[in-house]
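Participant: As input, take model.cif (mmCIF, N, CA and C atoms and all ligand atoms):
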data_query
loop_
_atom_site.label_atom_id
_atom_site.label_comp_id
_atom_site.auth_asym_id
_atom_site.auth_seq_id
_atom_site.Cartn_x
_atom_site.Cartn_y
_atom_site.Cartn_z
N MET U 22 -3.16 9.90 33.73
CA MET U 22 -1.87 9.96 34.42
C MET U 22 -1.89 8.99 35.61
N GLU U 23 -0.77 8.29 35.81
CA GLU U 23 -0.65 7.44 37.00
C GLU U 23 -0.37 8.34 38.20
N PRO U 24 -1.20 8.32 39.24
CA PRO U 24 -1.02 9.25 40.36
C PRO U 24 0.29 9.06 41.12
N THR U 25 0.84 7.84 41.12
CA THR U 25 2.06 7.62 41.91
C THR U 25 3.34 8.00 41.17
N THR U 26 3.31 8.03 39.82
CA THR U 26 4.53 8.32 39.06
C THR U 26 4.43 9.59 38.22
N GLY U 27 3.23 10.00 37.85
CA GLY U 27 3.06 11.11 36.92
C GLY U 27 3.18 10.66 35.46
N ASN U 28 3.47 9.36 35.25
CA ASN U 28 3.56 8.84 33.88
C ASN U 28 2.17 8.67 33.28
N VAL U 29 2.14 8.50 31.95
CA VAL U 29 0.87 8.25 31.28
C VAL U 29 0.24 6.96 31.84
N ASP U 30 -1.07 6.99 32.00
CA ASP U 30 -1.80 5.78 32.35
C ASP U 30 -2.00 5.00 31.05
N ALA U 31 -1.26 3.89 30.91
CA ALA U 31 -1.26 3.14 29.65
C ALA U 31 -2.66 2.67 29.26
N ASP U 32 -3.53 2.49 30.24
CA ASP U 32 -4.88 2.03 29.94
C ASP U 32 -5.73 3.10 29.25
N LEU U 33 -5.25 4.35 29.23
CA LEU U 33 -6.01 5.43 28.57
C LEU U 33 -5.53 5.69 27.14
N ILE U 34 -4.43 5.04 26.74
CA ILE U 34 -3.84 5.33 25.43
C ILE U 34 -4.75 4.90 24.29
N GLU U 35 -5.30 3.71 24.39
CA GLU U 35 -6.07 3.15 23.28
C GLU U 35 -7.22 4.08 22.87
N ALA U 36 -7.88 4.70 23.83
CA ALA U 36 -9.02 5.58 23.53
C ALA U 36 -8.58 6.84 22.78
N ALA U 37 -7.29 7.18 22.82
CA ALA U 37 -6.80 8.40 22.17
C ALA U 37 -6.30 8.13 20.75
N ILE U 38 -6.26 6.87 20.33
CA ILE U 38 -5.76 6.51 19.00
C ILE U 38 -6.82 6.81 17.95
N THR U 39 -6.40 7.49 16.86
CA THR U 39 -7.30 7.77 15.74
C THR U 39 -6.68 7.18 14.46
N VAL U 40 -7.35 7.34 13.33
CA VAL U 40 -6.80 6.83 12.07
C VAL U 40 -5.52 7.57 11.68
N ARG U 41 -5.32 8.74 12.25
CA ARG U 41 -4.12 9.54 11.92
C ARG U 41 -2.93 9.22 12.83
N THR U 42 -3.12 8.42 13.86
CA THR U 42 -2.05 8.15 14.81
C THR U 42 -0.98 7.27 14.16
N ARG U 43 0.28 7.67 14.32
CA ARG U 43 1.39 6.90 13.76
C ARG U 43 2.34 6.37 14.83
N ALA U 44 2.33 7.03 15.99
CA ALA U 44 3.29 6.64 17.03
C ALA U 44 2.74 6.97 18.41
N ILE U 45 3.26 6.27 19.38
CA ILE U 45 3.03 6.59 20.78
C ILE U 45 4.35 7.14 21.30
N ILE U 46 4.32 8.36 21.83
CA ILE U 46 5.53 8.94 22.43
C ILE U 46 5.32 8.93 23.94
N THR U 47 6.16 8.17 24.62
CA THR U 47 6.03 8.06 26.08
C THR U 47 7.07 8.95 26.74
N LEU U 48 6.79 9.36 27.96
CA LEU U 48 7.77 10.08 28.78
C LEU U 48 7.93 9.33 30.09
N HIS U 49 9.12 8.81 30.33
CA HIS U 49 9.42 8.15 31.61
C HIS U 49 9.84 9.25 32.58
N LEU U 50 8.91 9.67 33.43
CA LEU U 50 9.13 10.86 34.26
C LEU U 50 9.93 10.55 35.52
N TYR U 51 10.90 11.40 35.83
CA TYR U 51 11.65 11.36 37.10
C TYR U 51 12.23 9.98 37.42
N GLY U 52 12.68 9.27 36.41
CA GLY U 52 13.40 8.01 36.65
C GLY U 52 12.53 6.78 36.72
N GLN U 53 11.21 6.95 36.59
CA GLN U 53 10.34 5.77 36.65
C GLN U 53 9.70 5.51 35.29
N MET U 54 9.82 4.28 34.84
CA MET U 54 9.36 3.97 33.48
C MET U 54 7.85 3.78 33.41
N CYS U 55 7.32 4.09 32.22
CA CYS U 55 5.90 3.84 31.93
C CYS U 55 5.68 2.32 31.87
N ASP U 56 4.43 1.94 31.81
CA ASP U 56 4.05 0.53 31.71
C ASP U 56 4.31 0.06 30.27
N MET U 57 5.57 -0.32 30.01
CA MET U 57 5.98 -0.59 28.63
C MET U 57 5.37 -1.87 28.05
N ARG U 58 5.06 -2.85 28.90
CA ARG U 58 4.43 -4.07 28.36
C ARG U 58 3.05 -3.75 27.77
N THR U 59 2.27 -2.93 28.49
CA THR U 59 0.95 -2.55 27.99
C THR U 59 1.09 -1.68 26.75
N ILE U 60 2.04 -0.74 26.78
CA ILE U 60 2.24 0.16 25.64
C ILE U 60 2.70 -0.63 24.41
N LYS U 61 3.57 -1.60 24.60
CA LYS U 61 4.01 -2.44 23.47
C LYS U 61 2.82 -3.22 22.89
N ARG U 62 1.98 -3.76 23.77
CA ARG U 62 0.82 -4.54 23.29
C ARG U 62 -0.08 -3.66 22.42
N ILE U 63 -0.35 -2.43 22.87
CA ILE U 63 -1.20 -1.50 22.12
C ILE U 63 -0.52 -1.13 20.80
N ALA U 64 0.77 -0.83 20.85
CA ALA U 64 1.50 -0.45 19.64
C ALA U 64 1.50 -1.59 18.63
N ASP U 65 1.70 -2.80 19.09
CA ASP U 65 1.68 -3.97 18.20
C ASP U 65 0.29 -4.11 17.56
N GLN U 66 -0.74 -3.97 18.38
CA GLN U 66 -2.11 -4.15 17.90
C GLN U 66 -2.48 -3.14 16.81
N TYR U 67 -2.01 -1.89 16.96
CA TYR U 67 -2.38 -0.82 16.01
C TYR U 67 -1.24 -0.49 15.04
N SER U 68 -0.19 -1.28 15.04
CA SER U 68 0.99 -1.05 14.18
C SER U 68 1.54 0.37 14.32
N LEU U 69 1.76 0.78 15.54
CA LEU U 69 2.29 2.11 15.82
C LEU U 69 3.74 2.01 16.26
N ALA U 70 4.52 3.03 15.94
CA ALA U 70 5.88 3.13 16.48
C ALA U 70 5.79 3.60 17.93
N VAL U 71 6.81 3.28 18.71
CA VAL U 71 6.92 3.80 20.08
C VAL U 71 8.26 4.51 20.22
N ILE U 72 8.19 5.76 20.62
CA ILE U 72 9.40 6.55 20.89
C ILE U 72 9.36 6.92 22.37
N GLU U 73 10.39 6.51 23.10
CA GLU U 73 10.41 6.74 24.55
C GLU U 73 11.28 7.96 24.86
N ASP U 74 10.67 9.02 25.37
CA ASP U 74 11.45 10.14 25.89
C ASP U 74 12.04 9.68 27.21
N SER U 75 13.33 9.39 27.20
CA SER U 75 14.00 8.83 28.37
C SER U 75 14.98 9.83 28.98
N ALA U 76 14.71 11.10 28.75
CA ALA U 76 15.60 12.16 29.24
C ALA U 76 15.73 12.12 30.76
N HIS U 77 14.69 11.63 31.45
CA HIS U 77 14.72 11.54 32.91
C HIS U 77 15.07 10.15 33.39
N CYS U 78 15.43 9.25 32.48
CA CYS U 78 15.38 7.83 32.85
C CYS U 78 16.53 7.02 32.26
N ALA U 79 17.73 7.59 32.25
CA ALA U 79 18.87 6.86 31.67
C ALA U 79 19.11 5.54 32.41
N GLU U 80 18.83 5.50 33.71
CA GLU U 80 19.12 4.29 34.50
C GLU U 80 17.86 3.48 34.77
N GLY U 81 16.75 3.81 34.13
CA GLY U 81 15.48 3.20 34.50
C GLY U 81 15.32 1.76 34.05
N ASP U 82 14.44 1.06 34.75
CA ASP U 82 13.97 -0.24 34.26
C ASP U 82 12.64 -0.55 34.92
N ILE U 83 11.86 -1.37 34.22
CA ILE U 83 10.60 -1.84 34.79
C ILE U 83 10.51 -3.32 34.47
N ASP U 84 10.46 -4.14 35.50
CA ASP U 84 10.46 -5.60 35.34
C ASP U 84 11.63 -6.06 34.47
N GLY U 85 12.80 -5.45 34.64
CA GLY U 85 13.97 -5.86 33.87
C GLY U 85 14.03 -5.29 32.46
N ILE U 86 13.05 -4.48 32.08
CA ILE U 86 13.04 -3.87 30.74
C ILE U 86 13.66 -2.48 30.85
N ARG U 87 14.61 -2.16 29.96
CA ARG U 87 15.26 -0.86 29.96
C ARG U 87 14.68 0.01 28.84
N PRO U 88 14.87 1.33 28.91
CA PRO U 88 14.36 2.20 27.85
C PRO U 88 14.85 1.75 26.47
N GLY U 89 13.92 1.66 25.54
CA GLY U 89 14.26 1.32 24.15
C GLY U 89 14.33 -0.16 23.87
N GLN U 90 14.20 -1.02 24.87
CA GLN U 90 14.39 -2.45 24.63
C GLN U 90 13.19 -3.12 23.95
N LEU U 91 11.98 -2.68 24.24
CA LEU U 91 10.80 -3.40 23.75
C LEU U 91 10.36 -2.94 22.37
N ARG U 92 10.59 -1.67 22.04
CA ARG U 92 10.05 -1.15 20.78
C ARG U 92 11.08 -0.30 20.05
N ASN U 93 10.65 0.74 19.30
CA ASN U 93 11.48 1.36 18.29
C ASN U 93 12.71 2.10 18.80
N ALA U 94 12.50 3.06 19.72
CA ALA U 94 13.64 3.90 20.07
C ALA U 94 13.43 4.60 21.40
N ALA U 95 14.55 4.88 22.09
CA ALA U 95 14.53 5.68 23.31
C ALA U 95 15.49 6.85 23.12
N CYS U 96 15.03 8.05 23.48
CA CYS U 96 15.83 9.26 23.31
C CYS U 96 16.31 9.75 24.67
N PHE U 97 17.59 10.09 24.76
CA PHE U 97 18.19 10.56 26.01
C PHE U 97 18.72 11.97 25.80
N SER U 98 18.58 12.80 26.83
CA SER U 98 19.11 14.16 26.78
C SER U 98 20.36 14.23 27.66
N PHE U 99 21.38 14.91 27.16
CA PHE U 99 22.59 15.13 27.96
C PHE U 99 22.70 16.60 28.39
N LEU U 100 21.52 17.25 28.51
CA LEU U 100 21.46 18.63 28.98
C LEU U 100 22.10 18.73 30.37
N ALA U 101 22.52 19.92 30.73
CA ALA U 101 23.28 20.11 31.99
C ALA U 101 22.54 19.62 33.23
N THR U 102 21.21 19.62 33.20
CA THR U 102 20.44 19.23 34.39
C THR U 102 20.19 17.72 34.48
N LYS U 103 20.65 16.96 33.49
CA LYS U 103 20.33 15.52 33.47
C LYS U 103 21.39 14.69 34.21
N ASN U 104 21.05 13.42 34.52
CA ASN U 104 21.95 12.57 35.30
C ASN U 104 23.27 12.29 34.58
N ILE U 105 23.20 12.16 33.26
CA ILE U 105 24.42 12.03 32.46
C ILE U 105 24.45 13.26 31.56
N THR U 106 25.53 14.03 31.62
CA THR U 106 25.52 15.28 30.86
C THR U 106 26.84 15.52 30.13
N SER U 107 26.71 16.20 29.01
CA SER U 107 27.89 16.74 28.32
C SER U 107 27.64 18.23 28.08
N GLY U 108 26.73 18.79 28.88
CA GLY U 108 26.37 20.20 28.71
C GLY U 108 25.19 20.35 27.79
N GLU U 109 25.30 19.78 26.62
CA GLU U 109 24.23 19.74 25.62
C GLU U 109 24.31 18.39 24.90
N GLY U 110 23.36 18.11 24.04
CA GLY U 110 23.42 16.90 23.22
C GLY U 110 22.52 15.81 23.75
N GLY U 111 22.63 14.64 23.13
CA GLY U 111 21.79 13.53 23.53
C GLY U 111 22.13 12.29 22.73
N ALA U 112 21.31 11.26 22.87
CA ALA U 112 21.53 10.02 22.14
C ALA U 112 20.20 9.32 21.92
N ILE U 113 20.18 8.47 20.90
CA ILE U 113 19.00 7.64 20.63
C ILE U 113 19.45 6.19 20.64
N ALA U 114 18.75 5.36 21.42
CA ALA U 114 19.04 3.93 21.44
C ALA U 114 17.95 3.20 20.68
N THR U 115 18.35 2.26 19.82
CA THR U 115 17.36 1.47 19.08
C THR U 115 17.91 0.09 18.79
N ASN U 116 17.01 -0.89 18.72
CA ASN U 116 17.38 -2.23 18.27
C ASN U 116 17.10 -2.41 16.78
N GLY U 117 16.52 -1.37 16.17
CA GLY U 117 16.12 -1.48 14.77
C GLY U 117 17.26 -1.14 13.83
N GLY U 118 17.73 -2.13 13.09
CA GLY U 118 18.88 -1.94 12.20
C GLY U 118 18.66 -0.85 11.16
N LYS U 119 17.42 -0.85 10.54
CA LYS U 119 17.11 0.12 9.51
C LYS U 119 17.09 1.54 10.11
N LEU U 120 16.43 1.67 11.27
CA LEU U 120 16.36 2.96 11.94
C LEU U 120 17.75 3.41 12.35
N ALA U 121 18.56 2.49 12.86
CA ALA U 121 19.92 2.84 13.28
C ALA U 121 20.72 3.38 12.10
N SER U 122 20.59 2.73 10.93
CA SER U 122 21.32 3.21 9.75
C SER U 122 20.86 4.60 9.36
N ARG U 123 19.54 4.81 9.40
CA ARG U 123 19.01 6.12 9.01
C ARG U 123 19.48 7.20 9.99
N LEU U 124 19.47 6.87 11.29
CA LEU U 124 19.92 7.86 12.29
C LEU U 124 21.40 8.18 12.09
C1 LIG U 201 11.67 14.91 29.68
C2 LIG U 201 12.52 15.75 28.75
N1 LIG U 201 12.49 15.48 27.43
C3 LIG U 201 13.24 16.19 26.57
C4 LIG U 201 14.06 17.21 27.00
C5 LIG U 201 14.85 17.95 25.98
O1 LIG U 201 16.19 17.61 26.02
P1 LIG U 201 17.20 18.33 25.02
O2 LIG U 201 17.18 19.79 25.36
O3 LIG U 201 18.53 17.70 25.30
O4 LIG U 201 16.71 18.07 23.64
C6 LIG U 201 14.14 17.52 28.35
C7 LIG U 201 15.00 18.61 28.80
O5 LIG U 201 14.88 19.20 29.84
C8 LIG U 201 13.33 16.78 29.26
O6 LIG U 201 13.35 17.02 30.58
#
Mind converting the file's structure to structure tokens?
Ligand SMILES: Cc1ncc(COP(=O)(O)O)c(C=O)c1O

Facilitator:
Amino acid sequence: MEPTTGNVDADLIEAAITVRTRAIITLHLYGQMCDMRTIKRIADQYSLAVIEDSAHCAEGDIDGIRPGQLRNAACFSFLATKNITSGEGGAIATNGGKLASRL
């Protein structure tokens, strides 16, 4: 864990990957994004999907990168306690045409 943000320490992810790993699920905690450049590099290297839990981070960015921009998908919650709400519900943002069609 990064002590200043509470986000995953991206440098510890690689050691947790096994032959059964299919995806990296990140959580951008309290509006601050994870180190997405490092996470993308690891995901590319191991051919893993990346799903960003962006429930806390609808307005987030890191070095100009927004949730869902670098890899597969970012999930947003519209629960009553979130910055953007409809009471319940959510959304998934993706640049992947095939994934978008399936969703
Ligand atoms: C970080 C995070 N991820 C996911 C969720 C779940 O959101 P939902 O209930 O809209 O599926 C929440 C809800 O509190 C959350 O805080």

Participant: Would you pick out the contacts of Cys78 in chain U at 7 Å or less, using all atoms listed in the file, so that residues sharing its chain but fewer than 6 positions from it are not included, and give the list as a PyMOL selection string?

Facilitator: chain U and resi 49-54+88

Participant: Can you work out which one of U:Ala76, U:Ile83, U:Leu91, U:Leu124 has the shortest atom-to-atom distance to ligand LIG 201 (chain U), counting all atoms listed in the file?

Facilitator: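 The shortest atom-to-atom distance to ligand LIG 201 (chain U) comes from U:Ala76.
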
Participant: Could you jot down the CA of Glu109 in chain U to CA of Met57 in chain U separation for me, Å, one decimal place?

Facilitator: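 Rounded to one decimal, the two atoms are 27.5 Å apart.
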
Participant: Can you measure atom C of Asp74 in chain U to atom C of Leu100 in chain U for me? One decimal in Å is fine.

Facilitator: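 Between these atoms lies a distance of 13.9 Å.
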
Participant: Go through the chains and note each residue within 12 Å of ligand LIG 201 (chain U), using only C-alpha atoms and all ligand atoms, then give the set as a JSON list (two decimals) with N, CA and C atoms, keeping the file's coordinate frame.

Facilitator:
[["chain", "number", "residue", "atom", "x", "y", "z"],
["U", 27, "GLY", "N", 3.23, 10.00, 37.85],
["U", 27, "GLY", "CA", 3.06, 11.11, 36.92],
["U", 27, "GLY", "C", 3.18, 10.66, 35.46],
["U", 28, "ASN", "N", 3.47, 9.36, 35.25],
["U", 28, "ASN", "CA", 3.56, 8.84, 33.88],
["U", 28, "ASN", "C", 2.17, 8.67, 33.28],
["U", 46, "ILE", "N", 4.32, 8.36, 21.83],
["U", 46, "ILE", "CA", 5.53, 8.94, 22.43],
["U", 46, "ILE", "C", 5.32, 8.93, 23.94],
["U", 47, "THR", "N", 6.16, 8.17, 24.62],
["U", 47, "THR", "CA", 6.03, 8.06, 26.08],
["U", 47, "THR", "C", 7.07, 8.95, 26.74],
["U", 48, "LEU", "N", 6.79, 9.36, 27.96],
["U", 48, "LEU", "CA", 7.77, 10.08, 28.78],
["U", 48, "LEU", "C", 7.93, 9.33, 30.09],
["U", 49, "HIS", "N", 9.12, 8.81, 30.33],
["U", 49, "HIS", "CA", 9.42, 8.15, 31.61],
["U", 49, "HIS", "C", 9.84, 9.25, 32.58],
["U", 50, "LEU", "N", 8.91, 9.67, 33.43],
["U", 50, "LEU", "CA", 9.13, 10.86, 34.26],
["U", 50, "LEU", "C", 9.93, 10.55, 35.52],
["U", 51, "TYR", "N", 10.90, 11.40, 35.83],
["U", 51, "TYR", "CA", 11.65, 11.36, 37.10],
["U", 51, "TYR", "C", 12.23, 9.98, 37.42],
["U", 52, "GLY", "N", 12.68, 9.27, 36.41],
["U", 52, "GLY", "CA", 13.40, 8.01, 36.65],
["U", 52, "GLY", "C", 12.53, 6.78, 36.72],
["U", 53, "GLN", "N", 11.21, 6.95, 36.59],
["U", 53, "GLN", "CA", 10.34, 5.77, 36.65],
["U", 53, "GLN", "C", 9.70, 5.51, 35.29],
["U", 54, "MET", "N", 9.82, 4.28, 34.84],
["U", 54, "MET", "CA", 9.36, 3.97, 33.48],
["U", 54, "MET", "C", 7.85, 3.78, 33.41],
["U", 72, "ILE", "N", 8.19, 5.76, 20.62],
["U", 72, "ILE", "CA", 9.40, 6.55, 20.89],
["U", 72, "ILE", "C", 9.36, 6.92, 22.37],
["U", 73, "GLU", "N", 10.39, 6.51, 23.10],
["U", 73, "GLU", "CA", 10.41, 6.74, 24.55],
["U", 73, "GLU", "C", 11.28, 7.96, 24.86],
["U", 74, "ASP", "N", 10.67, 9.02, 25.37],
["U", 74, "ASP", "CA", 11.45, 10.14, 25.89],
["U", 74, "ASP", "C", 12.04, 9.68, 27.21],
["U", 75, "SER", "N", 13.33, 9.39, 27.20],
["U", 75, "SER", "CA", 14.00, 8.83, 28.37],
["U", 75, "SER", "C", 14.98, 9.83, 28.98],
["U", 76, "ALA", "N", 14.71, 11.10, 28.75],
["U", 76, "ALA", "CA", 15.60, 12.16, 29.24],
["U", 76, "ALA", "C", 15.73, 12.12, 30.76],
["U", 77, "HIS", "N", 14.69, 11.63, 31.45],
["U", 77, "HIS", "CA", 14.72, 11.54, 32.91],
["U", 77, "HIS", "C", 15.07, 10.15, 33.39],
["U", 78, "CYS", "N", 15.43, 9.25, 32.48],
["U", 78, "CYS", "CA", 15.38, 7.83, 32.85],
["U", 78, "CYS", "C", 16.53, 7.02, 32.26],
["U", 79, "ALA", "N", 17.73, 7.59, 32.25],
["U", 79, "ALA", "CA", 18.87, 6.86, 31.67],
["U", 79, "ALA", "C", 19.11, 5.54, 32.41],
["U", 95, "ALA", "N", 14.55, 4.88, 22.09],
["U", 95, "ALA", "CA", 14.53, 5.68, 23.31],
["U", 95, "ALA", "C", 15.49, 6.85, 23.12],
["U", 96, "CYS", "N", 15.03, 8.05, 23.48],
["U", 96, "CYS", "CA", 15.83, 9.26, 23.31],
["U", 96, "CYS", "C", 16.31, 9.75, 24.67],
["U", 97, "PHE", "N", 17.59, 10.09, 24.76],
["U", 97, "PHE", "CA", 18.19, 10.56, 26.01],
["U", 97, "PHE", "C", 18.72, 11.97, 25.80],
["U", 98, "SER", "N", 18.58, 12.80, 26.83],
["U", 98, "SER", "CA", 19.11, 14.16, 26.78],
["U", 98, "SER", "C", 20.36, 14.23, 27.66],
["U", 99, "PHE", "N", 21.38, 14.91, 27.16],
["U", 99, "PHE", "CA", 22.59, 15.13, 27.96],
["U", 99, "PHE", "C", 22.70, 16.60, 28.39],
["U", 100, "LEU", "N", 21.52, 17.25, 28.51],
["U", 100, "LEU", "CA", 21.46, 18.63, 28.98],
["U", 100, "LEU", "C", 22.10, 18.73, 30.37],
["U", 101, "ALA", "N", 22.52, 19.92, 30.73],
["U", 101, "ALA", "CA", 23.28, 20.11, 31.99],
["U", 101, "ALA", "C", 22.54, 19.62, 33.23],
["U", 102, "THR", "N", 21.21, 19.62, 33.20],
["U", 102, "THR", "CA", 20.44, 19.23, 34.39],
["U", 102, "THR", "C", 20.19, 17.72, 34.48],
["U", 103, "LYS", "N", 20.65, 16.96, 33.49],
["U", 103, "LYS", "CA", 20.33, 15.52, 33.47],
["U", 103, "LYS", "C", 21.39, 14.69, 34.21],
["U", 104, "ASN", "N", 21.05, 13.42, 34.52],
["U", 104, "ASN", "CA", 21.95, 12.57, 35.30],
["U", 104, "ASN", "C", 23.27, 12.29, 34.58],
["U", 105, "ILE", "N", 23.20, 12.16, 33.26],
["U", 105, "ILE", "CA", 24.42, 12.03, 32.46],
["U", 105, "ILE", "C", 24.45, 13.26, 31.56],
["U", 106, "THR", "N", 25.53, 14.03, 31.62],
["U", 106, "THR", "CA", 25.52, 15.28, 30.86],
["U", 106, "THR", "C", 26.84, 15.52, 30.13],
["U", 107, "SER", "N", 26.71, 16.20, 29.01],
["U", 107, "SER", "CA", 27.89, 16.74, 28.32],
["U", 107, "SER", "C", 27.64, 18.23, 28.08],
["U", 108, "GLY", "N", 26.73, 18.79, 28.88],
["U", 108, "GLY", "CA", 26.37, 20.20, 28.71],
["U", 108, "GLY", "C", 25.19, 20.35, 27.79],
["U", 109, "GLU", "N", 25.30, 19.78, 26.62],
["U", 109, "GLU", "CA", 24.23, 19.74, 25.62],
["U", 109, "GLU", "C", 24.31, 18.39, 24.90],
["U", 110, "GLY", "N", 23.36, 18.11, 24.04],
["U", 110, "GLY", "CA", 23.42, 16.90, 23.22],
["U", 110, "GLY", "C", 22.52, 15.81, 23.75],
["U", 111, "GLY", "N", 22.63, 14.64, 23.13],
["U", 111, "GLY", "CA", 21.79, 13.53, 23.53],
["U", 111, "GLY", "C", 22.13, 12.29, 22.73],
["U", 112, "ALA", "N", 21.31, 11.26, 22.87],
["U", 112, "ALA", "CA", 21.53, 10.02, 22.14],
["U", 112, "ALA", "C", 20.20, 9.32, 21.92],
["U", 113, "ILE", "N", 20.18, 8.47, 20.90],
["U", 113, "ILE", "CA", 19.00, 7.64, 20.63],
["U", 113, "ILE", "C", 19.45, 6.19, 20.64]]

Participant: Taking only N, CA and C atoms into account, which of U:Arg92, U:Val29, U:Ala37, U:Tyr67 comes nearest Cys55 in chain U?

Facilitator: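 Between U:Arg92, U:Val29, U:Ala37, U:Tyr67, the residue approaching Cys55 in chain U most closely is U:Val29.
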
Participant: Please extract the residues of range 60-123 of chain U with a backbone DSSP assignment of strand (DSSP E) and present them as an MDAnalysis selection string.

Facilitator: chainID U and resid 70:74 94:98 111:114

Participant: Figure out the distance between CA of Thr115 in chain U and atom N of Glu23 in chain U, please, to one decimal in Å.

Facilitator: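 Atom N of Glu23 in chain U sits 25.6 Å away from CA of Thr115 in chain U.
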
Participant: I need the residues of chain U that end up classed as helix (DSSP H, G or I) by DSSP on the backbone, written out as a list of chain:residue names.

Facilitator: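 Helix (DSSP H, G or I) members of chain U, listed: U:Ala31, U:Asp32, U:Leu33, U:Ile34, U:Glu35, U:Ala36, U:Ala37, U:Leu50, U:Tyr51, U:Gly52, U:Met57, U:Arg58, U:Thr59, U:Ile60, U:Lys61, U:Arg62, U:Ile63, U:Ala64, U:Asp65, U:Gln66, U:Tyr67, U:Gly118, U:Lys119, U:Leu120, U:Ala121, U:Ser122, U:Arg123.
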
Participant: Export range 54-103 of chain U from the structure block above, keeping C-alpha atoms, as a PDB file, in the first residue's frame.

Facilitator:
ATOM      1  CA  MET U  54      -5.477   7.415  -8.816  1.00  0.00           C
ATOM      2  CA  CYS U  55      -3.141   4.442  -8.634  1.00  0.00           C
ATOM      3  CA  ASP U  56       0.143   4.484 -10.543  1.00  0.00           C
ATOM      4  CA  MET U  57      -1.522   3.556 -13.836  1.00  0.00           C
ATOM      5  CA  ARG U  58       1.605   3.783 -16.009  1.00  0.00           C
ATOM      6  CA  THR U  59       3.326   1.095 -13.910  1.00  0.00           C
ATOM      7  CA  ILE U  60       0.142  -1.000 -13.745  1.00  0.00           C
ATOM      8  CA  LYS U  61      -0.294  -0.771 -17.536  1.00  0.00           C
ATOM      9  CA  ARG U  62       3.320  -1.851 -18.078  1.00  0.00           C
ATOM     10  CA  ILE U  63       2.831  -4.924 -15.844  1.00  0.00           C
ATOM     11  CA  ALA U  64      -0.527  -5.765 -17.456  1.00  0.00           C
ATOM     12  CA  ASP U  65       0.984  -5.502 -20.940  1.00  0.00           C
ATOM     13  CA  GLN U  66       3.942  -7.673 -19.938  1.00  0.00           C
ATOM     14  CA  TYR U  67       1.724 -10.466 -18.514  1.00  0.00           C
ATOM     15  CA  SER U  68      -1.227  -9.995 -20.924  1.00  0.00           C
ATOM     16  CA  LEU U  69      -3.624  -9.194 -18.092  1.00  0.00           C
ATOM     17  CA  ALA U  70      -6.810  -7.141 -18.196  1.00  0.00           C
ATOM     18  CA  VAL U  71      -7.047  -4.081 -15.956  1.00  0.00           C
ATOM     19  CA  ILE U  72     -10.332  -3.131 -14.325  1.00  0.00           C
ATOM     20  CA  GLU U  73     -10.258   0.140 -12.388  1.00  0.00           C
ATOM     21  CA  ASP U  74     -12.667   0.488  -9.471  1.00  0.00           C
ATOM     22  CA  SER U  75     -13.222   4.226  -9.862  1.00  0.00           C
ATOM     23  CA  ALA U  76     -16.150   4.535  -7.457  1.00  0.00           C
ATOM     24  CA  HIS U  77     -14.134   7.098  -5.456  1.00  0.00           C
ATOM     25  CA  CYS U  78     -12.526   8.752  -8.440  1.00  0.00           C
ATOM     26  CA  ALA U  79     -14.971  10.054 -11.046  1.00  0.00           C
ATOM     27  CA  GLU U  80     -12.935  13.281 -11.358  1.00  0.00           C
ATOM     28  CA  GLY U  81      -9.494  11.735 -10.904  1.00  0.00           C
ATOM     29  CA  ASP U  82      -6.411  11.994 -13.041  1.00  0.00           C
ATOM     30  CA  ILE U  83      -2.739  11.177 -12.736  1.00  0.00           C
ATOM     31  CA  ASP U  84      -0.315  12.891 -15.120  1.00  0.00           C
ATOM     32  CA  GLY U  85      -3.271  13.726 -17.389  1.00  0.00           C
ATOM     33  CA  ILE U  86      -4.523  10.116 -17.442  1.00  0.00           C
ATOM     34  CA  ARG U  87      -8.190   9.614 -16.464  1.00  0.00           C
ATOM     35  CA  PRO U  88      -9.814   6.410 -15.141  1.00  0.00           C
ATOM     36  CA  GLY U  89     -10.213   3.847 -17.921  1.00  0.00           C
ATOM     37  CA  GLN U  90      -8.007   5.641 -20.456  1.00  0.00           C
ATOM     38  CA  LEU U  91      -4.926   3.399 -20.423  1.00  0.00           C
ATOM     39  CA  ARG U  92      -6.428  -0.083 -20.260  1.00  0.00           C
ATOM     40  CA  ASN U  93      -9.639  -2.133 -20.371  1.00  0.00           C
ATOM     41  CA  ALA U  94     -12.305  -0.544 -18.214  1.00  0.00           C
ATOM     42  CA  ALA U  95     -13.159   1.772 -15.316  1.00  0.00           C
ATOM     43  CA  CYS U  96     -16.223   1.165 -13.136  1.00  0.00           C
ATOM     44  CA  PHE U  97     -18.083   4.021 -11.424  1.00  0.00           C
ATOM     45  CA  SER U  98     -20.665   3.803  -8.654  1.00  0.00           C
ATOM     46  CA  PHE U  99     -23.604   6.201  -8.448  1.00  0.00           C
ATOM     47  CA  LEU U 100     -24.477   5.116  -4.896  1.00  0.00           C
ATOM     48  CA  ALA U 101     -25.938   7.852  -2.676  1.00  0.00           C
ATOM     49  CA  THR U 102     -22.598   8.503  -0.936  1.00  0.00           C
ATOM     50  CA  LYS U 103     -20.621   9.076  -4.150  1.00  0.00           C
TER      51      LYS U 103
END
